[in-house]
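**Q** A single structure is presented below for examination.
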Amino acid sequence: MSASRLIEAHRTALKEAEASGLTMIQTSTLHSIFDDLEKQLSSGFGQPQPLELEKFRSDLAGSLAYQEHVHNWSLEGFKQIIALGQSTLKSMMLINGGAAVALLAFLGNLITRTGSSANVVAFAGSMRLFVIGVFLAAVAYATTYFSQLFYDGEKVWQQRTGLILHVITSLIGAASLAAFLWGAHAAYNGFLAFAP
């Protein structure tokens with residue numbers, strides 16, 4: 001077998017791996033392939049033994065399979081991170097929105113029983129904070145979208161912008177949680193106003 005036929009066999013194996021979804025190969029794997037090719041060429045090449053050739057093909061197939069496994073593992077991990085981030089944002093929106101709805105139901109019941117809206121003022125601050133928390137969670141959804149959009153870019157400035165938006169999204173999410181805690185504290189103080 002000539003050197004050109006061996007190289008063509010490697011190209012064919014690589015094309016088969018690409019067709020099955022492999023998009024990246026680590027440089028260490030390429031170095032190993034080139035070292036094996038150089039060793040074959042420096043030994044006068046001649047007629048390789050069928051067993052050696054089969055071992056070489058097997059090693060190449062194993063390396064490509066490992067690379068595909070690493071790629072799939074990384075892809076699944078990335079999908080899980082995105083799913084967990086979305087779940088966290090939904091939770092932030094849910095706790096702030098739920099607190100606002102529960103507070104509105106309580107205040108409606110309070111006004112119906114007492115016939116006066118004077119006691120409602122004590123809860124105005126907490127309602128405002130819960131609404132701000134819902135708004136911040138919605139803004140975090142938007143910045144998540146733009147962060148992923150920029151991460152998908154290939155230029156350095158796009159990657160940096162994606163990272164900056166990622167940090168901003170985390171800060172906005174933390175602000176949404178802080179708004180809930182602050183609103184809960186304000187509601188607590190409102191309830192203390194009714195203490196006998």
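All residue names refer to the structure tokens as shown: chains lettered A, B, ... in order, residues numbered from 1 in each chain, ligands numbered from 1 in order.
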Please tabulate, as a Markdown table, the residues of segment 9-95 of chain A that come within 12 Å of segment 125-136 of chain A, each with its closest pair of atoms and the distance in Å to one decimal, counting only C-alpha atoms and ordering rows by chain, then residue number upward.

**A**
```
| residue | atom | partner | partner_atom | distance |
| --- | --- | --- | --- | --- |
| A:Leu89 | CA | A:Leu136 | CA | 9.7 |
| A:Lys90 | CA | A:Val134 | CA | 9.8 |
| A:Ser91 | CA | A:Val134 | CA | 10.2 |
| A:Met92 | CA | A:Val134 | CA | 7.3 |
| A:Met93 | CA | A:Val134 | CA | 5.0 |
| A:Leu94 | CA | A:Val134 | CA | 7.9 |
| A:Ile95 | CA | A:Val134 | CA | 8.5 |
```

**Q** Store the residues picked out above in a file with C-alpha atoms, as a tab-separated table (two decimals), in the first residue's frame.

**A**
```tsv
chain	number	residue	atom	x	y	z
A	89	LEU	CA	-35.31	32.13	35.83
A	90	LYS	CA	-38.78	30.58	35.88
A	91	SER	CA	-38.48	30.09	39.64
A	92	MET	CA	-37.54	33.75	40.14
A	93	MET	CA	-40.53	34.87	38.12
A	94	LEU	CA	-42.80	32.43	39.92
A	95	ILE	CA	-41.86	33.40	43.48
```

**Q** Tell me, as a list in words, which residues lie within 12 Å of Thr144 of chain A, counting only C-alpha atoms; anything in the same chain fewer than 4 positions away does not count.

**A** Ile82, Ala83, Gly85, Gln86, Thr88, Leu89, Ala137, Ala138, Val139, Ala140, Gln148, Leu149, Phe150, Tyr151, Thr161, Gly162, Leu163, Ile164, Leu165, His166, Val167, Ile168, Thr169, Ser170, Leu171, Ile172 and Gly173 of chain A

**Q** Of the candidates A:Tyr141, A:Val120, A:Ala174, A:Ser28, which one gets nearest to Ser87 of chain A if we count only C-alpha atoms?

**A**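 The closest residue to Ser87 of chain A is A:Tyr141.
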